[in-house]
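**Student:** Pasting work-v7.txt here (compact mmCIF, C-alpha atoms and all ligand atoms):
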```
# COMPACT_ATOMS: atom_id res chain seq x y z
CA MET A 1 5.04 25.18 -25.66
CA THR A 2 1.78 24.41 -27.41
CA ALA A 3 -1.34 23.90 -25.42
CA ALA A 4 -2.95 20.52 -25.91
CA PRO A 5 -6.06 20.88 -28.11
CA PRO A 6 -9.33 20.94 -26.19
CA SER A 7 -10.53 17.40 -26.17
CA SER A 8 -13.77 16.14 -27.61
CA LEU A 9 -13.00 12.74 -26.14
CA PRO A 10 -14.65 11.65 -22.91
CA PHE A 11 -12.78 12.40 -19.69
CA LEU A 12 -10.17 9.73 -18.94
CA PRO A 13 -10.18 9.25 -15.17
CA PHE A 14 -6.98 8.82 -13.21
CA ALA A 15 -8.11 5.44 -11.86
CA LEU A 16 -10.97 2.98 -12.32
CA PRO A 17 -11.57 -0.36 -10.66
CA GLU A 18 -12.14 -3.43 -12.82
CA ILE A 19 -15.06 -5.34 -11.33
CA GLY A 20 -16.20 -8.37 -13.33
CA ASP A 21 -19.27 -10.56 -13.44
CA ASP A 22 -17.72 -13.09 -11.04
CA GLU A 23 -17.20 -10.40 -8.39
CA ILE A 24 -20.76 -9.17 -8.85
CA ALA A 25 -22.24 -12.68 -8.69
CA GLU A 26 -20.28 -13.42 -5.50
CA VAL A 27 -21.51 -10.22 -3.86
CA VAL A 28 -25.09 -11.06 -4.84
CA ASP A 29 -24.63 -14.57 -3.45
CA THR A 30 -23.42 -13.04 -0.19
CA LEU A 31 -26.37 -10.66 -0.05
CA ARG A 32 -28.81 -13.53 -0.62
CA SER A 33 -27.05 -15.80 1.87
CA GLY A 34 -28.24 -13.93 4.93
CA TRP A 35 -24.65 -13.50 6.20
CA VAL A 36 -23.25 -10.11 5.21
CA THR A 37 -20.62 -9.28 7.80
CA THR A 38 -17.40 -11.18 8.56
CA GLY A 39 -17.98 -14.88 8.02
CA PRO A 40 -17.25 -17.69 5.56
CA LYS A 41 -16.22 -15.44 2.64
CA ALA A 42 -13.77 -13.41 4.71
CA ARG A 43 -12.26 -16.68 5.93
CA ARG A 44 -12.06 -17.99 2.37
CA PHE A 45 -10.42 -14.76 1.20
CA GLU A 46 -7.81 -15.10 3.95
CA GLY A 47 -7.06 -18.68 2.92
CA ASP A 48 -6.90 -17.77 -0.76
CA PHE A 49 -4.57 -14.88 0.04
CA ALA A 50 -2.14 -17.14 1.91
CA ALA A 51 -2.24 -19.57 -1.02
CA PHE A 52 -1.65 -16.74 -3.49
CA LEU A 53 1.45 -15.58 -1.64
CA GLY A 54 2.35 -19.27 -1.61
CA ASP A 55 4.93 -19.33 1.09
CA ASP A 56 6.66 -22.60 1.38
CA THR A 57 10.16 -21.19 1.13
CA ARG A 58 10.51 -21.55 4.88
CA GLY A 59 7.93 -24.26 5.33
CA GLU A 60 6.03 -22.01 7.70
CA ARG A 61 2.41 -21.10 7.50
CA LEU A 62 1.38 -17.55 6.61
CA HIS A 63 -1.34 -16.07 8.77
CA CYS A 64 -3.61 -13.72 6.82
CA ILE A 65 -6.02 -11.46 8.69
CA ALA A 66 -8.62 -9.59 6.64
CA VAL A 67 -9.33 -6.05 7.82
CA ASN A 68 -11.45 -3.13 6.65
CA SER A 69 -8.45 -1.04 5.51
CA ALA A 70 -4.68 -1.13 5.30
CA THR A 71 -4.64 1.72 7.78
CA ALA A 72 -6.44 -0.53 10.27
CA GLY A 73 -3.99 -3.32 9.44
CA LEU A 74 -0.95 -1.14 10.06
CA HIS A 75 -2.45 -0.02 13.35
CA LEU A 76 -3.08 -3.64 14.41
CA ALA A 77 0.42 -4.68 13.39
CA LEU A 78 2.13 -1.98 15.44
CA GLU A 79 -0.17 -2.58 18.39
CA ALA A 80 0.58 -6.29 18.32
CA LEU A 81 4.31 -5.49 18.23
CA GLY A 82 3.87 -3.47 21.40
CA ILE A 83 4.69 -0.04 19.96
CA GLY A 84 3.61 2.65 22.40
CA PRO A 85 4.42 5.95 24.09
CA GLY A 86 8.12 6.73 24.20
CA ASP A 87 8.87 4.61 21.14
CA GLU A 88 9.97 5.91 17.78
CA VAL A 89 9.18 4.40 14.37
CA ILE A 90 11.11 5.27 11.22
CA THR A 91 9.36 5.63 7.87
CA THR A 92 9.65 7.48 4.58
CA THR A 93 8.41 11.02 4.06
CA HIS A 94 7.47 9.99 0.49
CA THR A 95 4.21 8.25 1.37
CA PHE A 96 0.56 8.65 2.26
CA THR A 97 -0.19 9.92 5.74
CA ALA A 98 -1.76 6.56 6.73
CA THR A 99 1.70 4.98 6.89
CA ALA A 100 2.71 7.35 9.68
CA GLU A 101 -0.56 8.27 11.41
CA VAL A 102 -0.95 4.77 12.88
CA VAL A 103 2.24 5.34 14.87
CA ARG A 104 0.63 8.39 16.44
CA TYR A 105 -2.56 6.42 17.23
CA LEU A 106 -0.38 4.45 19.65
CA GLY A 107 1.25 7.51 21.16
CA ALA A 108 4.65 6.74 19.64
CA ASP A 109 6.68 9.17 17.55
CA VAL A 110 7.45 9.15 13.84
CA LYS A 111 10.92 9.72 12.47
CA LEU A 112 10.64 10.57 8.78
CA VAL A 113 13.58 9.95 6.47
CA ASP A 114 14.43 10.71 2.85
CA ILE A 115 14.28 8.47 -0.20
CA ASP A 116 16.79 7.07 -2.64
CA PRO A 117 16.17 9.21 -5.76
CA ALA A 118 16.91 6.23 -8.03
CA THR A 119 13.97 4.19 -6.67
CA LEU A 120 11.86 6.76 -4.75
CA ASN A 121 11.89 4.19 -1.94
CA ILE A 122 13.09 4.73 1.63
CA ASP A 123 16.89 5.08 1.74
CA PRO A 124 18.43 2.40 4.01
CA GLN A 125 21.39 4.67 4.80
CA ALA A 126 19.02 7.40 5.95
CA VAL A 127 17.23 4.82 8.09
CA GLU A 128 20.46 3.74 9.72
CA ALA A 129 21.44 7.36 10.41
CA ALA A 130 18.04 8.03 12.02
CA ILE A 131 18.19 5.18 14.54
CA GLY A 132 18.23 6.40 18.12
CA PRO A 133 17.76 4.91 21.58
CA ARG A 134 13.94 5.07 21.26
CA THR A 135 13.73 3.49 17.80
CA LYS A 136 11.62 0.32 17.82
CA ALA A 137 10.51 -0.28 14.24
CA ILE A 138 10.85 0.57 10.56
CA ILE A 139 7.93 0.86 8.13
CA PRO A 140 9.21 0.59 4.55
CA VAL A 141 6.72 1.41 1.79
CA HIS A 142 7.00 -0.37 -1.57
CA TYR A 143 6.40 2.90 -3.33
CA ALA A 144 4.37 2.72 -6.55
CA GLY A 145 4.70 -1.07 -6.45
CA LEU A 146 8.51 -1.31 -6.59
CA ALA A 147 9.99 -3.33 -3.73
CA ALA A 148 11.98 -1.30 -1.23
CA ASP A 149 15.55 -2.45 -0.57
CA MET A 150 14.42 -5.12 1.88
CA PRO A 151 17.73 -7.01 2.16
CA ALA A 152 19.46 -3.83 3.37
CA LEU A 153 16.56 -2.79 5.61
CA LEU A 154 16.21 -6.22 7.19
CA ALA A 155 19.96 -6.35 7.85
CA ILE A 156 19.79 -2.95 9.58
CA ALA A 157 16.74 -4.07 11.58
CA ARG A 158 18.46 -7.26 12.69
CA GLN A 159 21.62 -5.43 13.69
CA HIS A 160 19.70 -2.90 15.80
CA GLY A 161 16.96 -5.19 17.11
CA LEU A 162 14.16 -3.36 15.29
CA LYS A 163 10.80 -4.66 14.09
CA VAL A 164 9.85 -4.27 10.42
CA VAL A 165 6.28 -3.70 9.21
CA GLU A 166 5.98 -3.44 5.43
CA ASP A 167 3.41 -1.02 4.05
CA ALA A 168 2.58 -3.10 0.98
CA ALA A 169 -0.46 -1.03 0.00
CA HIS A 170 0.99 -0.77 -3.52
CA ALA A 171 2.71 -4.11 -3.68
CA LEU A 172 0.35 -6.87 -4.87
CA PRO A 173 1.91 -8.63 -6.64
CA THR A 174 5.48 -7.37 -6.18
CA THR A 175 8.57 -9.51 -5.74
CA CYS A 176 11.90 -8.80 -4.06
CA GLN A 177 14.76 -11.05 -5.14
CA GLY A 178 12.26 -13.52 -6.51
CA ARG A 179 10.08 -13.72 -3.39
CA ARG A 180 6.65 -12.22 -3.14
CA VAL A 181 6.20 -9.24 -0.86
CA GLY A 182 4.23 -10.74 2.00
CA THR A 183 6.64 -13.68 2.33
CA LEU A 184 9.81 -11.76 3.13
CA ASP A 185 11.54 -11.85 6.52
CA SER A 186 9.82 -8.82 8.06
CA ASP A 187 7.50 -9.13 11.07
CA VAL A 188 4.27 -8.10 9.38
CA THR A 189 3.19 -7.04 5.88
CA VAL A 190 0.00 -5.06 5.22
CA PHE A 191 -1.83 -4.85 1.86
CA SER A 192 -4.58 -2.43 0.81
CA PHE A 193 -7.68 -3.11 -1.28
CA TYR A 194 -8.77 0.51 -1.50
CA ALA A 195 -10.65 1.47 -4.68
CA ASN A 196 -7.62 2.49 -6.75
CA LYS A 197 -5.20 -0.21 -5.60
CA THR A 198 -4.09 -3.16 -7.75
CA ILE A 199 -7.01 -5.26 -6.50
CA THR A 200 -9.97 -3.81 -4.64
CA THR A 201 -12.73 -4.69 -2.21
CA GLY A 202 -13.95 -1.07 -2.16
CA GLU A 203 -12.27 -0.65 1.20
CA GLY A 204 -10.18 -3.38 2.75
CA GLY A 205 -6.78 -4.70 3.69
CA MET A 206 -4.85 -7.80 4.71
CA VAL A 207 -2.37 -8.30 7.52
CA VAL A 208 0.15 -11.04 6.79
CA THR A 209 2.59 -12.56 9.27
CA ARG A 210 4.33 -15.85 10.05
CA ASP A 211 4.23 -15.14 13.77
CA ALA A 212 1.30 -17.05 15.32
CA ALA A 213 1.24 -14.92 18.48
CA LEU A 214 1.20 -11.65 16.49
CA ALA A 215 -1.56 -13.06 14.29
CA ALA A 216 -3.61 -14.02 17.34
CA ARG A 217 -3.25 -10.55 18.82
CA CYS A 218 -4.27 -8.92 15.53
CA ARG A 219 -7.33 -11.21 15.28
CA THR A 220 -8.40 -10.37 18.82
CA MET A 221 -7.87 -6.62 18.44
CA ARG A 222 -9.57 -6.63 15.01
CA LEU A 223 -12.87 -7.34 16.77
CA HIS A 224 -13.25 -5.49 20.07
CA GLY A 225 -10.58 -7.47 21.93
CA ILE A 226 -12.83 -10.50 22.01
CA ASN A 227 -10.80 -13.66 22.40
CA ARG A 228 -13.14 -16.50 21.64
CA ASP A 229 -10.58 -18.73 19.96
CA ALA A 230 -8.43 -18.93 23.07
CA PHE A 231 -11.47 -19.54 25.22
CA ASP A 232 -12.72 -22.31 22.95
CA ARG A 233 -9.39 -24.06 23.13
CA PHE A 234 -9.40 -24.36 26.90
CA THR A 235 -13.06 -25.01 27.53
CA ALA A 236 -14.77 -28.23 26.62
CA LYS A 237 -18.28 -26.87 26.21
CA VAL A 238 -19.16 -23.17 25.93
CA PRO A 239 -22.56 -21.83 25.16
CA SER A 240 -22.54 -19.94 21.83
CA TRP A 241 -23.52 -16.66 23.47
CA TYR A 242 -20.46 -16.57 25.73
CA TYR A 243 -17.34 -14.51 24.95
CA GLU A 244 -14.57 -12.77 26.84
CA VAL A 245 -13.16 -9.31 26.28
CA VAL A 246 -9.44 -9.33 26.99
CA ALA A 247 -8.49 -5.84 25.72
CA PRO A 248 -10.14 -2.62 24.49
CA GLY A 249 -9.98 -3.66 20.84
CA PHE A 250 -11.05 -2.05 17.59
CA LYS A 251 -13.72 -2.61 14.94
CA TYR A 252 -11.53 -3.46 11.97
CA ASN A 253 -13.12 -6.62 10.51
CA LEU A 254 -13.74 -7.02 6.76
CA THR A 255 -17.32 -7.75 5.71
CA ASP A 256 -18.21 -10.82 3.63
CA ILE A 257 -19.63 -8.42 1.03
CA ALA A 258 -16.17 -6.92 0.59
CA ALA A 259 -14.43 -10.30 0.84
CA ALA A 260 -16.69 -11.57 -1.98
CA LEU A 261 -15.06 -8.97 -4.24
CA GLY A 262 -11.61 -9.85 -2.96
CA ILE A 263 -11.94 -13.57 -3.68
CA HIS A 264 -12.36 -12.89 -7.39
CA GLN A 265 -10.09 -9.86 -7.63
CA LEU A 266 -7.28 -11.95 -6.19
CA LYS A 267 -7.72 -14.58 -8.94
CA ARG A 268 -7.06 -11.82 -11.47
CA ALA A 269 -4.12 -10.19 -9.67
CA ASN A 270 -1.43 -11.73 -11.87
CA ALA A 271 -3.30 -10.94 -15.08
CA PHE A 272 -3.92 -7.38 -13.88
CA GLN A 273 -0.20 -6.98 -13.19
CA ALA A 274 0.70 -8.18 -16.68
CA GLN A 275 -1.83 -5.79 -18.24
CA ARG A 276 -0.55 -2.88 -16.20
CA MET A 277 3.04 -3.60 -17.17
CA ALA A 278 2.09 -3.81 -20.87
CA LEU A 279 0.57 -0.33 -20.63
CA TRP A 280 3.63 0.75 -18.63
CA ALA A 281 5.98 -0.40 -21.41
CA GLN A 282 3.88 1.52 -23.90
CA TYR A 283 4.22 4.69 -21.79
CA ASP A 284 7.98 4.16 -21.47
CA ALA A 285 8.40 3.82 -25.23
CA ALA A 286 6.24 6.84 -25.97
CA LEU A 287 7.82 9.13 -23.38
CA ALA A 288 11.49 8.07 -23.39
CA SER A 289 12.68 10.79 -25.79
CA LEU A 290 11.08 13.62 -23.78
CA PRO A 291 12.79 15.67 -21.02
CA VAL A 292 11.49 13.34 -18.33
CA ILE A 293 12.77 10.74 -15.90
CA LEU A 294 10.88 7.51 -16.52
CA PRO A 295 9.66 5.61 -13.43
CA PRO A 296 12.20 3.27 -11.86
CA GLN A 297 11.97 -0.37 -12.97
CA ALA A 298 12.02 -3.54 -10.93
CA ARG A 299 15.35 -5.32 -10.77
CA GLU A 300 16.00 -7.97 -13.41
CA GLY A 301 13.85 -11.00 -12.62
CA ASP A 302 11.58 -9.18 -10.18
CA LEU A 303 7.95 -8.07 -10.52
CA HIS A 304 6.75 -4.48 -10.20
CA SER A 305 3.05 -4.40 -9.34
CA GLY A 306 2.55 -1.47 -11.71
CA HIS A 307 0.38 0.38 -9.22
CA LEU A 308 1.53 3.91 -10.07
CA TYR A 309 3.28 5.33 -13.14
CA VAL A 310 5.20 8.21 -11.57
CA LEU A 311 6.80 10.44 -14.18
CA ARG A 312 9.31 13.12 -13.20
CA LEU A 313 9.99 16.18 -15.33
CA ALA A 314 13.64 16.88 -16.07
CA ASP A 315 14.96 20.27 -15.00
CA GLU A 316 15.14 21.40 -18.63
CA ALA A 317 11.47 20.59 -19.35
CA ALA A 318 9.60 23.52 -20.91
CA VAL A 319 6.71 23.24 -18.50
CA GLY A 320 6.50 22.71 -14.75
CA ARG A 321 4.67 19.90 -13.03
CA ASP A 322 1.65 22.04 -12.11
CA GLY A 323 1.43 23.39 -15.66
CA LEU A 324 1.61 19.88 -17.10
CA ILE A 325 -1.21 18.69 -14.85
CA GLU A 326 -3.33 21.66 -15.90
CA GLN A 327 -2.76 20.91 -19.55
CA LEU A 328 -3.60 17.25 -19.07
CA PHE A 329 -6.83 18.16 -17.34
CA ALA A 330 -7.62 20.59 -20.17
CA ALA A 331 -7.14 17.64 -22.53
CA GLY A 332 -9.63 15.61 -20.49
CA ILE A 333 -7.06 13.46 -18.71
CA GLY A 334 -7.05 12.88 -14.96
CA CYS A 335 -3.75 12.59 -13.15
CA SER A 336 -2.52 12.93 -9.61
CA VAL A 337 0.50 13.41 -7.35
CA HIS A 338 1.60 10.61 -5.02
CA TYR A 339 2.17 12.10 -2.61
CA ILE A 340 2.59 15.54 -1.16
CA PRO A 341 5.45 14.35 1.08
CA LEU A 342 4.66 14.18 4.76
CA HIS A 343 7.31 16.79 5.61
CA ARG A 344 5.15 19.26 3.63
CA GLN A 345 1.96 18.49 5.55
CA PRO A 346 1.14 20.94 8.34
CA TYR A 347 0.60 18.30 11.02
CA TRP A 348 3.87 16.45 10.42
CA ARG A 349 5.89 19.56 9.60
CA ASP A 350 4.77 21.40 12.72
CA ARG A 351 4.90 18.47 15.12
CA TYR A 352 8.49 17.58 14.23
CA ALA A 353 9.72 21.00 12.99
CA LEU A 354 10.51 19.57 9.57
CA THR A 355 12.01 21.52 6.66
CA ASP A 356 12.25 20.75 2.95
CA ALA A 357 16.03 20.84 3.24
CA GLN A 358 16.00 17.76 5.48
CA PHE A 359 14.47 15.70 2.64
CA PRO A 360 16.23 16.93 -0.52
CA HIS A 361 15.47 13.87 -2.67
CA SER A 362 11.80 13.59 -1.78
CA GLN A 363 11.42 17.35 -2.16
CA HIS A 364 13.17 17.35 -5.56
CA ALA A 365 10.99 14.47 -6.79
CA TYR A 366 7.82 16.02 -5.39
CA GLU A 367 8.34 19.27 -7.28
CA ARG A 368 8.71 17.42 -10.57
CA MET A 369 6.49 14.34 -10.34
CA LEU A 370 3.01 13.37 -11.37
CA SER A 371 1.18 10.05 -11.65
CA LEU A 372 -0.30 9.28 -15.06
CA PRO A 373 -3.41 7.10 -15.37
CA LEU A 374 -2.51 3.38 -15.30
CA TYR A 375 -5.20 0.75 -14.87
CA THR A 376 -6.43 -2.37 -16.56
CA ARG A 377 -9.48 -0.79 -18.14
CA MET A 378 -7.24 1.55 -20.14
CA THR A 379 -6.66 0.69 -23.78
CA ALA A 380 -3.52 1.18 -25.85
CA ALA A 381 -5.35 4.11 -27.46
CA ASP A 382 -5.85 5.67 -24.01
CA VAL A 383 -2.11 5.43 -23.31
CA ASP A 384 -1.37 6.97 -26.71
CA ARG A 385 -3.75 9.79 -25.91
CA VAL A 386 -2.08 10.53 -22.56
CA ALA A 387 1.43 10.27 -24.02
CA SER A 388 0.46 12.63 -26.89
CA ALA A 389 -0.91 15.15 -24.43
CA VAL A 390 2.30 14.97 -22.37
CA ARG A 391 4.36 15.38 -25.56
CA ALA A 392 2.28 18.37 -26.65
CA ALA A 393 2.72 20.05 -23.27
CA LEU A 394 6.49 19.50 -23.29
CA ALA A 395 7.01 20.56 -26.91
C1 LIG A 401 -3.66 3.45 0.21
C2 LIG A 401 -2.49 3.48 1.11
C3 LIG A 401 -2.59 3.21 2.49
C4 LIG A 401 -3.89 3.06 3.17
O1 LIG A 401 -4.68 2.07 2.64
P1 LIG A 401 -6.22 2.03 3.08
O2 LIG A 401 -6.63 0.63 2.71
O3 LIG A 401 -6.92 3.07 2.28
O4 LIG A 401 -6.28 2.27 4.52
C5 LIG A 401 -1.44 3.15 3.23
N1 LIG A 401 -0.24 3.37 2.68
C6 LIG A 401 -0.10 3.66 1.38
C7 LIG A 401 1.27 3.88 0.84
C8 LIG A 401 -1.22 3.75 0.56
O5 LIG A 401 -1.08 4.08 -0.73
```
Mind turning the file's structure into structure tokens?

**Tutor:**
Amino acid sequence: MTAAPPSSLPFLPFALPEIGDDEIAEVVDTLRSGWVTTGPKARRFEGDFAAFLGDDTRGERLHCIAVNSATAGLHLALEALGIGPGDEVITTTHTFTATAEVVRYLGADVKLVDIDPATLNIDPQAVEAAIGPRTKAIIPVHYAGLAADMPALLAIARQHGLKVVEDAAHALPTTCQGRRVGTLDSDVTVFSFYANKTITTGEGGMVVTRDAALAARCRTMRLHGINRDAFDRFTAKVPSWYYEVVAPGFKYNLTDIAAALGIHQLKRANAFQAQRMALWAQYDAALASLPVILPPQAREGDLHSGHLYVLRLADEAAVGRDGLIEQLFAAGIGCSVHYIPLHRQPYWRDRYALTDAQFPHSQHAYERMLSLPLYTRMTAADVDRVASAVRAALA
């Protein structure tokens, strides 16, 4: 094992957003317009998002509801589905805590299950085994940007009468059997526009559903439980100051400042994906001969969003995961771990008396995995630099 040489190169961050002149001009336009909170740009972003997903496979309209985070969107989705105390929701342990915390917001319980080691996605067999009398919903996560096994999960959900909410925080644009995530047959899909996601609004998210009633509930609860649309429909003339509160809602609306970013980021989503996958292929080629497990690929004909490049060290590797990360940092390269599995987090572990042994595949992956930098502002030379540092550490 040779330590990577101390780097004279500038630090290469783990993630960087790519914000262009169009995004900046749109934000400035918003600032000058006098309307900075939710308004015309948020509405336009919602319309553009529905058009981007382009769902005419079923001839039904997609409802897109812009929110200030994916966490907020997941919360709204589960609330609209009526999840509450006494209910149980199944999700993967191999995710960020946001996926599961929203279940607890509603007083329901979380049932964590293991992953399929081949894909690092939630294992449908483990889901089926975890279903009990209180189970109401499944939250699959398209981990790293690779579609979860939705055909199997949707079949299980149908058979057991369960709702499905997709955590698609990593999955723009991802496809599953040729269809975009967001247009599959789940109840609701939620995207994230957090700073390091495949497109960003700084903070933000989008709730997507075909169900008009669910969409209406999400819209109402997004803004304090104010139901003006419904009121407008049934009342010929209302003064503009009048509104009705129909529930104790939340404050989850997306600002027009953020939506201004989203409008232009979305236009670049396909190009970003292609750029990410080009860098991905370069990593694969450079790392394939090392004692590593390369990240799982999308199925033939499908798109991987390329959100995270999650490398796993083989058991025979000369250095451990923590050691590799240290050496990469010493070489001026940022990297990360996605994620410390939920069964390892004190809150989840203690609340549900979880052990590592209950999640052997997630645990095994966790001990050996790290996420290498992968973003559109990286150059081929940056990828070479990272790959060389990995090679040096594993030599
Ligand atoms: C980022 C992320 C979220 C939360 O997204 P926010 O927009 O930051 O709320 C949820 N789930 C997963 C898997 C994520 O990576």

**Student:** From the set A:Ala393, A:His142, A:Tyr375, A:Thr30, which residue has the shortest atom-to-atom contact distance to Glu326 of chain A, counting all atoms listed in the file?

**Tutor:**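 Counting all atoms listed in the file, the residue closest to Glu326 of chain A is A:Ala393.
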
**Student:** Interatomic distance between atom CA of Ala100 of chain A and atom CA of Ala213 of chain A?

**Tutor:** 24.0 Å

**Student:** Check the smallest atom-to-atom distance from each of A:Trp35, A:Tyr339, A:Phe49, A:Tyr242 to ligand LIG 401 (chain A) using all atoms listed in the file, then report the winner.

**Tutor:**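 Counting all atoms listed in the file, the residue closest to ligand LIG 401 (chain A) is A:Tyr339.
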
**Student:** Grab the atom CA of Ile263 of chain A to atom CA of Lys197 of chain A distance for me, in Å with one decimal place.

**Tutor:**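 Those two atoms sit 15.1 Å apart.
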
**Student:** Could you list, with a cut-off of 6 Å and counting all atoms listed in the file, the residues of chain A near ligand LIG 401 (chain A), each shown with its nearest atom pair and the distance in Å rounded to one decimal, rows sorted by chain and ascending number, as a Markdown table?

**Tutor:**
```
| residue | atom | partner | partner_atom | distance |
| --- | --- | --- | --- | --- |
| A:Ser69 | CA | A:LIG401 | O2 | 3.7 |
| A:Ala70 | CA | A:LIG401 | O2 | 3.7 |
| A:Thr71 | CA | A:LIG401 | O4 | 3.7 |
| A:Thr95 | CA | A:LIG401 | C7 | 5.3 |
| A:Phe96 | CA | A:LIG401 | C7 | 5.0 |
| A:Ala98 | CA | A:LIG401 | C5 | 4.9 |
| A:Thr99 | CA | A:LIG401 | N1 | 4.9 |
| A:Asp167 | CA | A:LIG401 | N1 | 5.9 |
| A:Ala169 | CA | A:LIG401 | C8 | 4.9 |
| A:His170 | CA | A:LIG401 | O5 | 6.0 |
| A:Ser192 | CA | A:LIG401 | O2 | 4.1 |
| A:Phe193 | CA | A:LIG401 | O2 | 5.6 |
| A:Tyr194 | CA | A:LIG401 | O2 | 4.7 |
| A:Glu203 | CA | A:LIG401 | O2 | 6.0 |
| A:Gly204 | CA | A:LIG401 | O2 | 5.4 |
| A:Gly205 | CA | A:LIG401 | O2 | 5.4 |
```

**Student:** Need to verify the contact set: segment 268-271 of chain A, 9 Å, only C-alpha atoms, exclusion of same-chain residues closer than 5 positions in sequence. Can you return it as a list in words?

**Tutor:**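 Answer for this query is Leu172, Pro173, Thr198, Ile199, Arg276 and Ser305 of chain A.
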
**Student:** Just give me the gap between atom CA of Ala330 of chain A and atom CA of Pro296 of chain A in Å, one decimal is fine.

**Tutor:**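 Pair atom CA of Ala330 of chain A / atom CA of Pro296 of chain A returns 27.6 Å.
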
**Student:** Under the rule that all atoms listed in the file are counted, which of A:Ile340, A:Met150, A:Val390, A:Leu9 is the nearest residue to Gly182 of chain A?

**Tutor:**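 Smallest distance to Gly182 of chain A is found for A:Met150.
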
**Student:** Go through A:Ala195, A:Leu342, A:Leu16, A:Val164 one by one, measure the shortest atom-to-atom distance of each to Gln358 of chain A using only C-alpha atoms, and give the residue with the smallest value.

**Tutor:**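 Looking only at the distances to Gln358 of chain A, the closest residue turns out to be A:Leu342.
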
**Student:** For Asp29 of chain A, work out the shell of residues within 12 Å, counting only C-alpha atoms and skipping chain neighbours fewer than 4 positions away, then give it as a list in words.

**Tutor:** Asp22, Glu23, Ile24, Ala25, Ser33, Gly34, Trp35, Val36, Lys41, Asp256, Ile257, Ala259, Ala260 and Leu261 of chain A

**Student:** Between A:Asn227, A:Ser388, A:Gln177, A:Ser336, which is the closest to Ala286 of chain A once you count all atoms listed in the file?

**Tutor:** A:Ser388

**Student:** Nearest to Thr355 of chain A: which of A:Val103, A:Leu112, A:Ile83, A:Val27 is it, counting all atoms listed in the file?

**Tutor:**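 Of A:Val103, A:Leu112, A:Ile83, A:Val27, the one nearest Thr355 of chain A, counting all atoms listed in the file, is A:Leu112.
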
**Student:** Rebuild segment 250-260 of chain A to N, CA, C and O atoms - output it as a compact mmCIF listing (two decimals), in the coordinates of the input, please.

**Tutor:**
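Listing of part_17.txt after writing:
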```
# COMPACT_ATOMS: atom_id res chain seq x y z
N PHE A 250 -10.55 -2.95 18.63
CA PHE A 250 -11.05 -2.05 17.59
C PHE A 250 -12.14 -2.74 16.79
O PHE A 250 -12.47 -3.90 17.05
N LYS A 251 -12.70 -2.04 15.83
CA LYS A 251 -13.72 -2.61 14.94
C LYS A 251 -13.17 -2.57 13.53
O LYS A 251 -13.46 -1.67 12.75
N TYR A 252 -12.32 -3.50 13.20
CA TYR A 252 -11.53 -3.46 11.97
C TYR A 252 -11.80 -4.65 11.06
O TYR A 252 -11.02 -4.93 10.16
N ASN A 253 -12.87 -5.42 11.32
CA ASN A 253 -13.12 -6.62 10.51
C ASN A 253 -13.61 -6.28 9.11
O ASN A 253 -14.25 -5.27 8.88
N LEU A 254 -13.29 -7.16 8.15
CA LEU A 254 -13.74 -7.02 6.76
C LEU A 254 -15.07 -7.75 6.59
O LEU A 254 -15.22 -8.89 7.04
N THR A 255 -16.02 -7.11 5.91
CA THR A 255 -17.32 -7.75 5.71
C THR A 255 -17.23 -8.86 4.65
O THR A 255 -16.35 -8.83 3.78
N ASP A 256 -18.15 -9.79 4.69
CA ASP A 256 -18.21 -10.82 3.63
C ASP A 256 -18.58 -10.20 2.28
O ASP A 256 -18.22 -10.75 1.23
N ILE A 257 -19.30 -9.09 2.30
CA ILE A 257 -19.63 -8.42 1.03
C ILE A 257 -18.33 -7.97 0.35
O ILE A 257 -18.13 -8.19 -0.85
N ALA A 258 -17.45 -7.37 1.14
CA ALA A 258 -16.17 -6.92 0.59
C ALA A 258 -15.29 -8.11 0.22
O ALA A 258 -14.65 -8.13 -0.84
N ALA A 259 -15.27 -9.12 1.10
CA ALA A 259 -14.43 -10.30 0.84
C ALA A 259 -14.88 -11.00 -0.45
O ALA A 259 -14.05 -11.57 -1.17
N ALA A 260 -16.18 -10.95 -0.75
CA ALA A 260 -16.69 -11.57 -1.98
C ALA A 260 -16.00 -10.95 -3.20
O ALA A 260 -15.64 -11.65 -4.16
```
